[in-house]
file protein_31.txt (compact mmCIF, C-alpha atoms)
# COMPACT_ATOMS: atom_id res chain seq x y z
CA MET A 1 0.00 0.00 0.00
CA SER A 2 1.43 3.38 -1.01
CA PHE A 3 0.57 6.64 0.72
CA PRO A 4 -1.13 9.00 0.25
CA ILE A 5 -3.91 6.92 -1.29
CA GLU A 6 -5.57 8.56 -4.28
CA ILE A 7 -8.34 7.64 -6.69
CA SER A 8 -7.61 8.35 -10.34
CA PHE A 9 -10.07 9.20 -13.10
CA GLY A 10 -8.02 9.38 -16.27
CA ASN A 11 -5.59 12.26 -15.84
CA PHE A 12 -7.44 13.49 -12.76
CA SER A 13 -6.79 12.17 -9.25
CA ILE A 14 -8.28 13.00 -5.87
CA GLY A 15 -7.04 12.13 -2.42
CA LEU A 16 -9.07 9.59 -0.47
CA HIS A 17 -8.81 11.90 2.54
CA ILE A 18 -10.99 14.57 0.92
CA ILE A 19 -13.63 11.98 0.01
CA PHE A 20 -13.79 10.56 3.53
CA GLU A 21 -13.81 14.04 5.07
CA LEU A 22 -16.90 14.94 3.03
CA LEU A 23 -18.49 11.59 3.86
CA ALA A 24 -17.84 12.23 7.56
CA PHE A 25 -19.78 15.51 7.47
CA PHE A 26 -22.62 14.12 5.34
CA ILE A 27 -23.14 10.79 7.13
CA GLY A 28 -22.63 12.26 10.60
CA PHE A 29 -25.20 15.00 9.99
CA ARG A 30 -27.71 12.60 8.43
CA TYR A 31 -27.31 10.26 11.40
CA TYR A 32 -27.90 13.20 13.76
CA LEU A 33 -31.12 14.13 11.93
CA ILE A 34 -32.36 10.54 12.22
CA LEU A 35 -31.66 10.39 15.94
CA SER A 36 -33.09 13.86 16.63
CA LYS A 37 -36.40 12.86 15.00
CA LYS A 38 -36.68 9.88 17.33
CA LYS A 39 -36.14 12.00 20.44
CA LEU A 40 -38.27 14.89 21.64
CA SER A 41 -36.17 18.04 21.57
CA PRO A 42 -36.24 20.40 24.58
CA VAL A 43 -35.87 23.38 22.23
CA THR A 44 -38.05 24.91 19.53
CA ASP A 45 -37.11 24.74 15.84
CA SER A 46 -35.95 28.38 15.82
CA GLU A 47 -33.84 27.84 18.93
CA ASN A 48 -32.35 24.72 17.38
CA ILE A 49 -31.33 26.69 14.29
CA TRP A 50 -29.52 29.28 16.42
CA ILE A 51 -27.81 26.52 18.41
CA LEU A 52 -26.63 24.87 15.18
CA ILE A 53 -25.33 28.24 13.94
CA GLY A 54 -23.44 28.77 17.19
CA ALA A 55 -21.98 25.26 17.10
CA THR A 56 -20.97 25.56 13.44
CA PHE A 57 -19.33 28.97 13.79
CA GLY A 58 -17.52 28.02 17.00
CA ALA A 59 -16.33 24.70 15.54
CA PHE A 60 -15.13 26.31 12.30
CA PHE A 61 -13.24 29.16 13.98
CA LEU A 62 -11.55 27.27 16.81
CA SER A 63 -10.72 24.24 14.64
CA ARG A 64 -8.67 26.59 12.45
CA LEU A 65 -7.25 28.64 15.32
CA ILE A 66 -6.05 25.64 17.34
CA GLY A 67 -4.86 23.97 14.15
CA ALA A 68 -2.80 27.01 13.15
CA LEU A 69 -1.42 27.35 16.68
CA GLU A 70 -0.12 23.77 16.62
CA ASN A 71 3.00 25.38 15.17
CA PRO A 72 2.73 29.12 15.83
CA ILE A 73 6.25 29.89 14.55
CA GLU A 74 5.43 28.35 11.18
CA TRP A 75 2.10 30.20 11.10
CA PHE A 76 3.56 33.61 11.87
CA ASN A 77 6.35 33.09 9.32
CA SER A 78 4.01 31.89 6.56
CA ASP A 79 3.58 34.02 3.44
CA ASN A 80 -0.19 34.13 3.85
CA LEU A 81 -1.41 34.10 7.47
CA LEU A 82 -5.08 33.82 6.51
CA LEU A 83 -4.51 30.93 4.09
CA TYR A 84 -2.42 29.06 6.67
CA PHE A 85 -5.20 29.65 9.23
CA PHE A 86 -7.84 28.30 6.84
CA LEU A 87 -5.91 25.20 5.73
CA ASN A 88 -4.95 23.99 9.22
CA LYS A 89 -7.65 22.44 11.37
CA THR A 90 -8.13 19.97 14.20
CA ILE A 91 -11.14 18.12 15.60
CA VAL A 92 -10.00 19.07 19.11
CA GLY A 93 -10.52 22.75 18.31
CA ALA A 94 -13.79 21.98 16.54
CA LEU A 95 -15.21 20.20 19.59
CA LEU A 96 -14.15 22.98 21.95
CA GLY A 97 -15.42 25.67 19.58
CA GLY A 98 -18.73 23.88 19.13
CA LEU A 99 -19.12 23.60 22.89
CA ILE A 100 -18.39 27.30 23.40
CA GLY A 101 -20.69 28.30 20.54
CA VAL A 102 -23.59 26.25 21.89
CA GLU A 103 -23.15 27.49 25.46
CA CYS A 104 -23.05 31.12 24.27
CA VAL A 105 -26.25 30.71 22.24
CA LYS A 106 -27.97 28.95 25.17
CA ILE A 107 -27.21 31.98 27.34
CA MET A 108 -28.56 34.32 24.64
CA ILE A 109 -31.86 32.42 24.26
CA ASN A 110 -32.08 31.60 27.99
CA GLN A 111 -32.07 27.84 27.35
CA LYS A 112 -30.82 25.69 30.23
CA ASN A 113 -31.66 22.20 28.96
CA SER A 114 -28.96 19.74 27.96
CA PHE A 115 -29.35 18.10 24.57
CA GLY A 116 -25.80 17.08 23.65
CA ASP A 117 -26.53 13.36 24.04
CA THR A 118 -28.16 13.19 20.60
CA ILE A 119 -24.97 14.33 18.87
CA VAL A 120 -22.63 11.85 20.62
CA TYR A 121 -22.96 8.86 18.28
CA PRO A 122 -23.06 10.98 15.09
CA LEU A 123 -19.87 12.69 16.29
CA ILE A 124 -18.13 9.39 16.99
CA LEU A 125 -19.19 8.02 13.61
CA ALA A 126 -18.06 11.18 11.79
CA ILE A 127 -14.67 11.15 13.51
CA ILE A 128 -14.16 7.45 12.68
CA ILE A 129 -14.92 8.08 9.01
CA GLY A 130 -12.67 11.15 9.02
CA ARG A 131 -9.81 9.19 10.60
CA ILE A 132 -10.00 6.61 7.82
CA GLY A 133 -9.28 9.51 5.49
CA CYS A 134 -6.45 10.71 7.73
CA PHE A 135 -4.90 7.24 7.66
CA SER A 136 -5.05 7.23 3.86
CA SER A 137 -2.95 10.44 3.83
CA GLY A 138 0.02 8.71 5.43
CA THR A 139 2.74 11.24 6.30
CA SER A 140 1.41 13.95 3.99
CA GLU A 141 -0.29 15.58 6.99
CA LEU A 142 0.35 15.56 10.72
CA THR A 143 -1.99 12.73 11.72
CA TYR A 144 0.67 10.02 11.81
CA GLY A 145 2.80 8.78 14.68
CA ILE A 146 6.47 8.83 15.58
CA GLU A 147 8.87 6.02 14.73
CA THR A 148 8.30 2.74 16.59
CA SER A 149 9.80 -0.75 16.78
CA LEU A 150 6.50 -2.32 17.84
CA PRO A 151 5.27 -5.18 15.62
CA TRP A 152 2.24 -3.22 14.42
CA GLY A 153 4.30 -0.25 13.23
CA MET A 154 3.49 0.72 9.64
CA TYR A 155 5.18 2.39 6.69
CA LEU A 156 3.01 5.41 6.04
CA GLY A 157 4.79 7.04 3.13
CA ASP A 158 8.39 7.25 4.21
CA SER A 159 11.05 4.69 5.11
CA LEU A 160 10.19 4.57 8.84
CA LEU A 161 7.94 2.24 10.80
CA ARG A 162 5.49 4.54 12.56
CA HIS A 163 2.62 4.37 15.06
CA PRO A 164 -0.65 4.25 13.04
CA VAL A 165 -2.19 6.91 15.26
CA SER A 166 -5.35 7.23 13.15
CA LEU A 167 -6.04 3.51 13.60
CA TYR A 168 -5.48 3.83 17.36
CA GLU A 169 -8.11 6.56 17.45
CA ILE A 170 -10.59 4.52 15.41
CA LEU A 171 -10.17 1.59 17.80
CA PHE A 172 -10.57 3.88 20.82
CA LEU A 173 -13.75 5.43 19.40
CA ILE A 174 -15.29 2.02 18.70
CA ILE A 175 -14.60 0.95 22.30
CA LEU A 176 -15.99 4.27 23.58
CA TRP A 177 -19.15 3.79 21.47
CA LEU A 178 -19.71 0.34 22.97
CA PHE A 179 -19.03 1.63 26.49
CA LEU A 180 -21.49 4.53 26.11
CA ALA A 181 -24.13 2.20 24.68
CA LYS A 182 -23.64 -0.11 27.65
CA ILE A 183 -24.08 2.57 30.32
CA LYS A 184 -26.94 4.16 28.38
CA SER A 185 -28.88 0.88 28.38
CA ALA A 186 -28.31 0.68 32.14
CA SER A 187 -29.72 4.23 32.59
CA ILE A 188 -26.85 5.15 34.89
CA LEU A 189 -26.34 8.78 33.87
CA LYS A 190 -28.56 11.84 33.70
CA ASN A 191 -29.62 13.58 30.50
CA GLY A 192 -26.63 15.41 29.04
CA ASP A 193 -24.05 13.31 30.87
CA TYR A 194 -23.35 10.99 27.95
CA PHE A 195 -22.00 13.93 25.97
CA LYS A 196 -19.85 14.94 28.92
CA VAL A 197 -18.47 11.40 29.26
CA PHE A 198 -17.68 11.41 25.54
CA MET A 199 -15.87 14.76 25.76
CA ILE A 200 -13.88 13.81 28.88
CA SER A 201 -12.89 10.42 27.44
CA TYR A 202 -11.94 11.79 24.04
CA PHE A 203 -9.89 14.69 25.37
CA ILE A 204 -8.01 12.41 27.78
CA PHE A 205 -7.22 10.14 24.83
CA ARG A 206 -6.08 13.06 22.67
CA PHE A 207 -3.90 14.42 25.47
CA LEU A 208 -2.10 11.06 25.78
CA ILE A 209 -1.82 10.28 22.06
CA GLU A 210 0.07 13.54 21.48
CA TYR A 211 3.13 11.95 23.09
CA ILE A 212 3.54 9.59 20.14
CA LYS A 213 2.98 12.19 17.42
CA PRO A 214 5.63 14.43 15.79
CA THR A 215 4.40 17.67 17.31
CA TYR A 216 5.67 21.17 18.05
CA ASP A 217 6.03 21.77 21.80
CA PHE A 218 4.19 25.01 22.45
CA LEU A 219 4.96 25.35 26.16
CA GLY A 220 7.78 23.18 27.49
CA ASN A 221 6.80 19.59 26.69
CA ILE A 222 3.13 20.49 26.20
CA THR A 223 1.58 20.96 22.77
CA THR A 224 -1.24 23.29 21.77
CA ILE A 225 -3.57 20.29 21.49
CA GLN A 226 -2.68 19.20 25.02
CA ILE A 227 -3.27 22.70 26.39
CA THR A 228 -6.71 22.64 24.75
CA CYS A 229 -7.40 19.23 26.29
CA ILE A 230 -6.44 20.53 29.74
CA ILE A 231 -8.84 23.47 29.34
CA VAL A 232 -11.75 21.17 28.42
CA LEU A 233 -10.98 18.70 31.22
CA CYS A 234 -10.77 21.53 33.78
CA TYR A 235 -14.12 22.86 32.54
CA TYR A 236 -15.85 19.53 33.11
CA SER A 237 -14.05 18.93 36.40
CA ILE A 238 -15.43 22.22 37.70
CA HIS A 239 -18.88 21.31 36.38
CA PHE A 240 -19.00 17.96 38.18
CA LEU A 241 -17.50 19.48 41.35
CA LYS A 242 -20.22 22.14 41.45
CA ARG A 243 -22.89 19.51 40.84
CA THR A 244 -21.52 17.36 43.66
CA LEU A 245 -21.49 20.33 46.03
CA LYS A 246 -25.08 21.18 45.06
CA SER A 247 -26.24 17.63 45.70
CA LYS A 248 -24.69 17.78 49.19
CA GLY A 249 -26.31 21.13 49.92
CA TYR A 250 -23.10 23.18 49.97
CA ILE A 251 -24.31 25.23 46.99
CA THR A 252 -27.91 26.32 46.49
CA ASN A 253 -29.52 27.40 43.23
CA GLU A 254 -30.18 31.10 42.94

call {"tool": "encode", "arguments": {"input": "protein_31.txt", "output": "C-alpha cells"}}
result
Amino acid sequence: MSFPIEISFGNFSIGLHIIFELLAFFIGFRYYLILSKKKLSPVTDSENIWILIGATFGAFFLSRLIGALENPIEWFNSDNLLLYFFLNKTIVGALLGGLIGVECVKIMINQKNSFGDTIVYPLILAIIIGRIGCFSSGTSELTYGIETSLPWGMYLGDSLLRHPVSLYEILFLIILWLFLAKIKSASILKNGDYFKVFMISYFIFRFLIEYIKPTYDFLGNITTIQITCIIVLCYYSIHFLKRTLKSKGYITNE
C-alpha cells in the first residue's frame, strides 16, 4: 500500500482523505437528523437553528485557530497568514469551539436544557470516518505517529515504521461507542451526561496520544492540542465538582 492513497479518473486524481472528510460531514449529519427525529427536543425549531449556527461557527473558527497554533512559529512566518489559518484544522478545536458556541447561544436564548446526548454517536461516527481519510494520507499531513519498533508499526509514506495513530483513534472510538451504549442501556447517567463522558474520554485520549505524534512543543513539553485538552478537562471537572457540592447542599440554586 502506497501513501497518500488517491483515486484516479483518467488524468485526474483525488485524495481519499478529501472523500472521507466529506463523507464524515454528510453521514454524521444525516445520522444526527435521524436520531433527533426519534427524540423529543427540549428546544423549539428556531432555537435549534440558532444553536446549530453557534456550534458551526464556533467549531469552524476554533478548529482553524487551534490547528494554526499547533505550530505558531510556522504560522507567523508563513507568506499568507489567513490561508495558513484556513488550511490547518483539528477536531479538538472543533469540539471545543462547538461547545463554546452552543453554550453562548444557550445563554442568549435563555435555554438551560442539555441536549448534547443526541450528537454523541453521530460525532463518533463522523470522527471514525474522518480518521479513515487521515490514515489514507500517510505522512502527507500531521496525523501520523512517531517512529516505533513495535510489531504493528506501519510504513506510512516514508522509510520509517510509525505508530498508526489514526487507527489507534478509530479503535478507541469504537470501544468508547460500545461503552457509552452499555451505560446508556443501564440508565446510569442523567440527561446530558453521555455527551460529557464522551468529551472527557476523548480529550483524555487526545492528550495522551500527542506523546507519540511528531508535534511542536508550544509550552515546554506540552503541545497546543494538550493545552486545549487541559482546558476542556478543567471545565468539566469544575462542572461535576459544582454539581456534587449542590447535591450535598453546599451550593444552592439562585

call {"tool": "atom_distance", "arguments": {"input": "protein_31.txt", "atom1": "atom CA of Gly116 of chain A", "atom2": "atom CA of Leu180 of chain A"}}
result
13.5 Å

call {"tool": "atom_distance", "arguments": {"input": "protein_31.txt", "atom1": "atom CA of Gly15 of chain A", "atom2": "atom CA of Leu87 of chain A"}}
result
15.4 Å

call {"tool": "atom_distance", "arguments": {"input": "protein_31.txt", "atom1": "atom CA of Phe60 of chain A", "atom2": "atom CA of Gly28 of chain A"}}
result
16.0 Å

call {"tool": "residues_around", "arguments": {"input": "protein_31.txt", "residues": "Thr223 of chain A", "least_positions_apart": "4", "cutoff": "12 Å", "atoms": "only C-alpha atoms", "output": "NGL selection string"}}
result
:A and (66-67 or 69-72 or 206-219 or 227-230)

call {"tool": "closest_residue", "arguments": {"input": "protein_31.txt", "among": "A:Asn221, A:Thr148, A:Ser137, A:Ser187", "to": "Ser166 of chain A", "atoms": "all atoms listed in the file"}}
result
A:Ser137

call {"tool": "residues_near_point", "arguments": {"input": "protein_31.txt", "point": "(-7.7, 26.1, 13.0)", "cutoff": "9 Å", "atoms": "only C-alpha atoms", "output": "PDB file with C-alpha atoms, in the coordinates of the input"}}
result
ATOM      1  CA  PHE A  60     -15.130  26.310  12.300  1.00  0.00           C
ATOM      2  CA  PHE A  61     -13.240  29.160  13.980  1.00  0.00           C
ATOM      3  CA  LEU A  62     -11.550  27.270  16.810  1.00  0.00           C
ATOM      4  CA  SER A  63     -10.720  24.240  14.640  1.00  0.00           C
ATOM      5  CA  ARG A  64      -8.670  26.590  12.450  1.00  0.00           C
ATOM      6  CA  LEU A  65      -7.250  28.640  15.320  1.00  0.00           C
ATOM      7  CA  ILE A  66      -6.050  25.640  17.340  1.00  0.00           C
ATOM      8  CA  GLY A  67      -4.860  23.970  14.150  1.00  0.00           C
ATOM      9  CA  ALA A  68      -2.800  27.010  13.150  1.00  0.00           C
ATOM     10  CA  LEU A  69      -1.420  27.350  16.680  1.00  0.00           C
ATOM     11  CA  GLU A  70      -0.120  23.770  16.620  1.00  0.00           C
ATOM     12  CA  TYR A  84      -2.420  29.060   6.670  1.00  0.00           C
ATOM     13  CA  PHE A  85      -5.200  29.650   9.230  1.00  0.00           C
ATOM     14  CA  PHE A  86      -7.840  28.300   6.840  1.00  0.00           C
ATOM     15  CA  LEU A  87      -5.910  25.200   5.730  1.00  0.00           C
ATOM     16  CA  ASN A  88      -4.950  23.990   9.220  1.00  0.00           C
ATOM     17  CA  LYS A  89      -7.650  22.440  11.370  1.00  0.00           C
ATOM     18  CA  THR A  90      -8.130  19.970  14.200  1.00  0.00           C
ATOM     19  CA  GLY A  93     -10.520  22.750  18.310  1.00  0.00           C
ATOM     20  CA  ALA A  94     -13.790  21.980  16.540  1.00  0.00           C
TER      21      ALA A  94
END

call {"tool": "residues_around", "arguments": {"input": "protein_31.txt", "residues": "segment 156-162 of chain A", "least_positions_apart": "6", "cutoff": "6 Å", "atoms": "all atoms listed in the file", "output": "list of chain:residue names"}}
result
A:Phe3, A:Gly138, A:Thr139, A:Gly145, A:Ile146, A:Glu147, A:Thr148

call {"tool": "closest_residue", "arguments": {"input": "protein_31.txt", "among": "A:Ile132, A:Phe203, A:Leu142, A:Ala55", "to": "Gly101 of chain A", "atoms": "only C-alpha atoms"}}
result
A:Ala55

call {"tool": "closest_residue", "arguments": {"input": "protein_31.txt", "among": "A:His17, A:Lys112, A:Lys196, A:His163", "to": "Ile129 of chain A", "atoms": "only C-alpha atoms"}}
result
A:His17

call {"tool": "residues_around", "arguments": {"input": "protein_31.txt", "residues": "Leu125 of chain A", "least_positions_apart": "5", "cutoff": "10 Å", "atoms": "all atoms listed in the file", "output": "ChimeraX atom specification"}}
result
/A:24-25,27-29,31,120,130-131,170,173-174,177

call {"tool": "closest_residue", "arguments": {"input": "protein_31.txt", "among": "A:Leu233, A:Glu74, A:Ile109, A:Ile7", "to": "Ile49 of chain A", "atoms": "only C-alpha atoms"}}
result
A:Ile109

call {"tool": "axis_aligned_box", "arguments": {"input": "protein_31.txt", "around": "segment 8-20 of chain A", "padding_each_side": "3 Å", "output": "lines of an AutoDock Vina configuration file"}}
result
center_x = -9.7
center_y = 11.5
center_z = -6.4
size_x = 14.2
size_y = 12.2
size_z = 25.8

call {"tool": "closest_residue", "arguments": {"input": "protein_31.txt", "among": "A:Ser237, A:Asn11, A:Ser201, A:Asn191", "to": "Asp117 of chain A", "atoms": "all atoms listed in the file"}}
result
A:Asn191

call {"tool": "closest_residue", "arguments": {"input": "protein_31.txt", "among": "A:Gly98, A:Pro164, A:Gly58, A:Gly220", "to": "Leu123 of chain A", "atoms": "only C-alpha atoms"}}
result
A:Gly98

call {"tool": "residues_around", "arguments": {"input": "protein_31.txt", "residues": "Leu176 of chain A", "least_positions_apart": "3", "cutoff": "10 Å", "atoms": "all atoms listed in the file", "output": "PyMOL selection string"}}
result
chain A and resi 121+124+170-173+179-182+197-198+201-202

call {"tool": "build_atoms", "arguments": {"input": "protein_31.txt", "residues": "segment 158-179 of chain A", "atoms": "N, CA and C atoms", "output": "mmCIF file, in the coordinates of the input"}}
result
data_model
loop_
_atom_site.group_PDB
_atom_site.id
_atom_site.type_symbol
_atom_site.label_atom_id
_atom_site.label_comp_id
_atom_site.auth_asym_id
_atom_site.auth_seq_id
_atom_site.Cartn_x
_atom_site.Cartn_y
_atom_site.Cartn_z
ATOM 1 N N ASP A 158 6.949 7.048 4.190
ATOM 2 C CA ASP A 158 8.390 7.250 4.210
ATOM 3 C C ASP A 158 9.056 5.914 4.561
ATOM 4 N N SER A 159 10.310 5.940 4.890
ATOM 5 C CA SER A 159 11.050 4.690 5.110
ATOM 6 C C SER A 159 11.054 4.254 6.571
ATOM 7 N N LEU A 160 10.191 4.859 7.410
ATOM 8 C CA LEU A 160 10.190 4.570 8.840
ATOM 9 C C LEU A 160 8.923 3.819 9.255
ATOM 10 N N LEU A 161 9.091 2.882 10.179
ATOM 11 C CA LEU A 161 7.940 2.240 10.800
ATOM 12 C C LEU A 161 7.359 3.204 11.836
ATOM 13 N N ARG A 162 6.091 3.526 11.706
ATOM 14 C CA ARG A 162 5.490 4.540 12.560
ATOM 15 C C ARG A 162 4.242 4.005 13.266
ATOM 16 N N HIS A 163 3.888 4.663 14.393
ATOM 17 C CA HIS A 163 2.620 4.370 15.060
ATOM 18 C C HIS A 163 1.472 4.778 14.131
ATOM 19 N N PRO A 164 0.539 3.871 13.826
ATOM 20 C CA PRO A 164 -0.650 4.250 13.040
ATOM 21 C C PRO A 164 -1.670 4.933 13.943
ATOM 22 N N VAL A 165 -1.395 6.180 14.268
ATOM 23 C CA VAL A 165 -2.190 6.910 15.260
ATOM 24 C C VAL A 165 -3.671 6.975 14.873
ATOM 25 N N SER A 166 -3.949 7.153 13.596
ATOM 26 C CA SER A 166 -5.350 7.230 13.150
ATOM 27 C C SER A 166 -6.092 5.930 13.462
ATOM 28 N N LEU A 167 -5.412 4.800 13.295
ATOM 29 C CA LEU A 167 -6.040 3.510 13.600
ATOM 30 C C LEU A 167 -6.240 3.339 15.099
ATOM 31 N N TYR A 168 -5.301 3.850 15.901
ATOM 32 C CA TYR A 168 -5.480 3.830 17.360
ATOM 33 C C TYR A 168 -6.749 4.572 17.741
ATOM 34 N N GLU A 169 -6.939 5.734 17.107
ATOM 35 C CA GLU A 169 -8.110 6.560 17.450
ATOM 36 C C GLU A 169 -9.401 5.884 17.029
ATOM 37 N N ILE A 170 -9.402 5.243 15.871
ATOM 38 C CA ILE A 170 -10.590 4.520 15.410
ATOM 39 C C ILE A 170 -10.944 3.419 16.405
ATOM 40 N N LEU A 171 -9.939 2.663 16.833
ATOM 41 C CA LEU A 171 -10.170 1.590 17.800
ATOM 42 C C LEU A 171 -10.699 2.147 19.113
ATOM 43 N N PHE A 172 -10.107 3.244 19.581
ATOM 44 C CA PHE A 172 -10.570 3.880 20.820
ATOM 45 C C PHE A 172 -12.027 4.312 20.710
ATOM 46 N N LEU A 173 -12.393 4.926 19.580
ATOM 47 C CA LEU A 173 -13.750 5.430 19.400
ATOM 48 C C LEU A 173 -14.770 4.289 19.329
ATOM 49 N N ILE A 174 -14.395 3.175 18.739
ATOM 50 C CA ILE A 174 -15.290 2.020 18.700
ATOM 51 C C ILE A 174 -15.536 1.495 20.117
ATOM 52 N N ILE A 175 -14.465 1.408 20.906
ATOM 53 C CA ILE A 175 -14.600 0.950 22.300
ATOM 54 C C ILE A 175 -15.436 1.944 23.096
ATOM 55 N N LEU A 176 -15.217 3.243 22.876
ATOM 56 C CA LEU A 176 -15.990 4.270 23.580
ATOM 57 C C LEU A 176 -17.461 4.188 23.210
ATOM 58 N N TRP A 177 -17.762 3.948 21.939
ATOM 59 C CA TRP A 177 -19.150 3.790 21.470
ATOM 60 C C TRP A 177 -19.829 2.644 22.226
ATOM 61 N N LEU A 178 -19.153 1.505 22.286
ATOM 62 C CA LEU A 178 -19.710 0.340 22.970
ATOM 63 C C LEU A 178 -19.896 0.598 24.461
ATOM 64 N N PHE A 179 -18.939 1.306 25.058
ATOM 65 C CA PHE A 179 -19.030 1.630 26.490
ATOM 66 C C PHE A 179 -20.216 2.555 26.757
#
